[in-house]
Amino acid sequence: MSASMRTCPTTGLRVDKTAENFIKIHAVVATVALLIGGVSALLVMLTRWQAIHLLDVVWFYRLLTVHGMNMLIFFIIFFEMAVLYFASAVLLNSRVPAPKVGWVGFALMLVGTLMVEWMMFSGQADVLFTSYVPLRAEPPFYLGVILFAVGTLTVVGHYFGIIVVAKREKTYTGSVPLVTFGATTAAIIAAVTLLHGALVYIPTWLWSMGYMEIDPQFYRLIWWGLGHSSQQINVAAMVSIWYMLAAFTVGGVVLNEKISRVAFVLYIMFISMASAHHLLVDPGMGPAWKIWNTSYFMYMAVFASMIHGFTVPAGIEMGQRLRGVTQGVFGWLRRAPWGDPGFSSLVFSLTIFGFVGGITGVTFGTEQINIIAHNTLRIPGHFHSTVVAGTALAFMGATYYVIPLIFRREVAFFKLAKIQPYLFAFGMLIFSIAMTFAGTFGVPRRHWDITFAGAPFQVEFSPTVDLVIGVMAVGGLIGILGGAIYIVITVVSVFFGKRLPEGESGLGAHGRGLPLGIIAPPRALTPEDDGEDLEKHALGTTPGTMILVIVFLAAFITYYFVNWKLLSIVWKIG
Amino acid sequence: MTDPDSRPPDPPSGRDDEGEKIPLGQKLCDSPFILLIACIVVMFVFYTGWGLWEIASLTDAPLP
């Protein structure tokens with residue numbers, strides 16, 4: 001074995017130390033971005049809560065820009081680059097073929113991030129996350145974004161290089177593992193996303209220096225090819241992590257790899273077109289383009305999400321049943337390791353992403369319904385349940401395994417780590433639902449003062465709005481507390497955590513800062529565990545999941561119908 | 001239950017270790033570059049290209 005490789009005593013995987021360093025550095029920067037985005041989230045939320053209304057108008061929009069860029073771009077993408085290194089070099093037992101390329105990519109990302117941060121905090125880029133033309137930031141802001149995008153594209157290219165080298169050097173046989181296939185999906189979507197980034201930000205940078213003109217409709221079209229597709233990278237990475245955490249924590253099986261892979265391919269082919277739903281009220285685009293992209297194509301991606309939403313819990317249920325947890329319909333859930341933060345994060349991420357984010361997303365992406373949701377708080381209500389309660393929470397759950405497996409340290413304050421996913425998930429669930437309700441009353445998003453004090457017109461919302469926004473703020477505070485605990489645990493663990501002795505697997509190390517999937521990993525299945533002995537329930541071999549699916553579909557139909565009803569009230573005919 | 005066919009080998013010959021032919025769909029899925037090209041083509045044709053054509057086809061609004 002090469003001197004640059006070590007064998008993980010827990011998983012038996014050969015880990016390239018260069019890949020390990022890449023994972024560490026990207027994860028650390030991601031956490032710093034999360035801290036910046038989290039602090040700005042607190043201040044922005046305390047401003048939107050009219051009872052407090054903390055920030056003045058300038059700092060509200062400045063910190064809203066900071067919040068969006070750090071959470072939706074820097075935190076998420078730095079973490080995803082760590083996921084790419086893990087899913088390629090580590091899971092494929094491969095070396096990193098061109099470390100310098102990786103470092104150049106990382107350096108570009110970091111320099112771009114620092115430039116953008118400087119421009120935002122110094123008040124030279126109060127243009128929000130979308131930076132819609134003709135809002136103009138100073139040129140270094142756009143250059144920073146371009147450098148970040150080029151750096152990310154370099155790392156994505158590096159990922160493909162690792163995959164090619166692993167295949168050529170036969171470090172694995174057959175197809176890549178499902179988790180790696182999911183990460184490849186994320187990398188492919190990232191490439192398309194970043195091409196749109198280049199296509200929109202290079203001319204915008206030139207425009208900011210006065211060298212050319214930009215059509216706002218062109219900008220919106222291409223920018224959303226970046227802005228929304230970048231969140232689809234999250235979806236693919238998050239689903240990969242679901243499969244990984246299911247395997248780590250309860251020995252979840254993959255019911256049918258072909259089906260799961262086809263679902264990832266559906267993401268590759270169709271998920272980026274969901275960008276079009278941001279343009280559903282734009283006058284420049286015709287109905288055929290809108291409906292083709294947001295209905296026919298987007299529904300293929302929705303179908304893929306519903307496949308994953310079934311196969312992941314069904315795989316958990318089947319994994320539990322094959323290991324003898326066969327009591328009742330929901331015994332596999334009751335006896336699951338709820339004290340393992342990896343498992344609780346997985347379940348909450350999947351549930352909130354599907355039940356809140358998925359249902360609201362598909363509903364708002366319907367052309368007719370979009371008119372009553374567009375630019376209201378319903379939209380951030382939707383994406384806080386997908387990106388925050390879904391993706392970020394899945395990343396948090398993965399972190400509790402990355403710390404011992406990659407950083408080779410115990411998780412600090414482990415008792416706190418056990419409750420962290422509960423706090424974060426509960427808070428963000430309340431926050432997202434309350435935000436969505438407020439939007440249903442017509443409360444606009446991105447608005448400093450919804451009392452419209454000093455405006456030449458009067459806008460009065462239902463008094464219920466005050467209550468709902470109060471609930472939203474309480475949920476947000478709980479969620480931010482959960483996020484703050486995560487950051488403290490991560491920073492203390494990584495920099496000051498107790499080191500795991502070389503060669504120690506963590507097996508049986510009860511009472512220490514290690515998740516249950518490492519202390520007592522699920523029993524490996526044998527050919528005898530073929531499921532032939534399982535009770536044949538009327539709902540199939542995974543009856544618990546089938547019942548959850550029925551509940552999900554009922555909720556979906558109800559919410560969709562209610563929105564058509566709301567539309568009919570707003571827009572009376574005759 | 002796990003799919004017994006889930007991880008078949010993928011030698012360049014297009015046949016697995018037991019000599020069975022690898023299905024075309026699996027061969028396509030095993031190539032990230034084919035998937036990348038497919039993703040780029042679909043996105044750029046239906047979202048980006050079509051969208052740009054819609055914008056370019058807009059006539060001036062008959063404003064007073």
# chains A, B, ... in the order shown; residues from 1 in each chain; ligands from 1
>>> residues_around(residues="stretch 133-148 of chain A", least_positions_apart="6", cutoff="10 Å", atoms="only C-alpha atoms", output="VMD selection string")
chain A and resid 69 73 to 74 77 105 to 120 123 to 127 154 194 197 to 210 213 to 220
>>> interface_residues(of="chain A", to="chain B", cutoff="6 Å", atoms="only C-alpha atoms", output="PyMOL selection string")
chain A and resi 173-175+188+192+254-257+268-269+284
>>> residues_around(residues="stretch 51-67 of chain A", least_positions_apart="3", cutoff="8 Å", atoms="only C-alpha atoms", output="compact mmCIF listing (two decimals) with N, CA and C atoms, in the first residue's frame")
# COMPACT_ATOMS: atom_id res chain seq x y z
N ILE A 36 -21.24 32.26 9.51
CA ILE A 36 -21.56 33.62 9.01
C ILE A 36 -23.02 33.68 8.56
N GLY A 37 -23.43 32.66 7.81
CA GLY A 37 -24.82 32.63 7.34
C GLY A 37 -25.81 32.50 8.48
N GLY A 38 -25.42 31.78 9.53
CA GLY A 38 -26.31 31.58 10.68
C GLY A 38 -26.50 32.85 11.50
N SER A 40 -26.13 35.91 10.39
CA SER A 40 -26.94 36.84 9.59
C SER A 40 -28.40 36.38 9.56
N ALA A 41 -28.63 35.06 9.60
CA ALA A 41 -30.01 34.55 9.64
C ALA A 41 -30.72 35.06 10.88
N LEU A 43 -30.10 37.75 12.67
CA LEU A 43 -30.36 39.19 12.62
C LEU A 43 -31.47 39.52 11.62
N VAL A 44 -31.47 38.84 10.50
CA VAL A 44 -32.51 39.08 9.50
C VAL A 44 -33.87 38.66 10.05
N LEU A 46 -34.81 38.46 13.17
CA LEU A 46 -35.26 39.37 14.23
C LEU A 46 -35.72 40.71 13.65
N THR A 47 -35.42 40.94 12.40
CA THR A 47 -35.93 42.14 11.74
C THR A 47 -37.29 41.86 11.11
N ARG A 48 -37.41 40.69 10.51
CA ARG A 48 -38.70 40.35 9.89
C ARG A 48 -39.78 40.17 10.95
N ASN A 70 -23.95 32.95 1.71
CA ASN A 70 -23.23 32.00 2.57
C ASN A 70 -23.95 30.67 2.71
N MET A 71 -25.26 30.73 2.84
CA MET A 71 -25.99 29.48 3.05
C MET A 71 -26.19 28.71 1.75
N GLU A 117 -17.34 38.05 0.19
CA GLU A 117 -17.63 38.43 1.59
C GLU A 117 -17.25 39.90 1.83
N MET A 120 -19.65 42.26 0.16
CA MET A 120 -20.96 42.33 0.81
C MET A 120 -20.88 43.10 2.12
N PHE A 121 -19.91 42.77 2.96
CA PHE A 121 -19.84 43.41 4.27
C PHE A 121 -19.45 44.88 4.17
N GLY A 123 -20.53 46.85 2.00
CA GLY A 123 -21.65 47.61 1.44
C GLY A 123 -21.52 47.90 -0.05
N ALA A 125 -22.10 45.57 -2.36
CA ALA A 125 -22.85 44.55 -3.12
C ALA A 125 -24.18 44.25 -2.41
N ASP A 126 -24.97 45.29 -2.20
CA ASP A 126 -26.28 45.08 -1.55
C ASP A 126 -27.31 44.66 -2.62
N VAL A 127 -27.07 43.54 -3.24
CA VAL A 127 -27.88 43.16 -4.40
C VAL A 127 -28.65 41.85 -4.17
N LEU A 128 -28.64 41.37 -2.97
CA LEU A 128 -29.27 40.09 -2.60
C LEU A 128 -28.64 38.92 -3.37
N PHE A 129 -29.09 37.73 -3.00
CA PHE A 129 -28.51 36.51 -3.56
C PHE A 129 -28.65 36.49 -5.09
N ARG A 446 -38.53 38.95 1.30
CA ARG A 446 -37.46 39.95 1.14
C ARG A 446 -37.94 41.35 1.46
N TRP A 448 -38.39 44.50 4.17
CA TRP A 448 -37.87 45.00 5.44
C TRP A 448 -39.00 45.31 6.42
N ASP A 449 -40.10 45.87 5.93
CA ASP A 449 -41.14 46.35 6.84
C ASP A 449 -42.51 46.09 6.23
>>> atom_distance(atom1="atom CA of A:Pro337", atom2="atom CA of A:Gly315")
15.2 Å
>>> select_by_dssp(residues="stretch 3-159 of chain A", states="strand (DSSP E or B)", output="ChimeraX atom specification")
/A:5-7,14-16
>>> atom_distance(atom1="atom CA of A:Thr11", atom2="atom CA of A:Leu92")
12.4 Å
>>> atom_distance(atom1="atom CA of A:His277", atom2="atom CA of A:Gly227")
11.8 Å
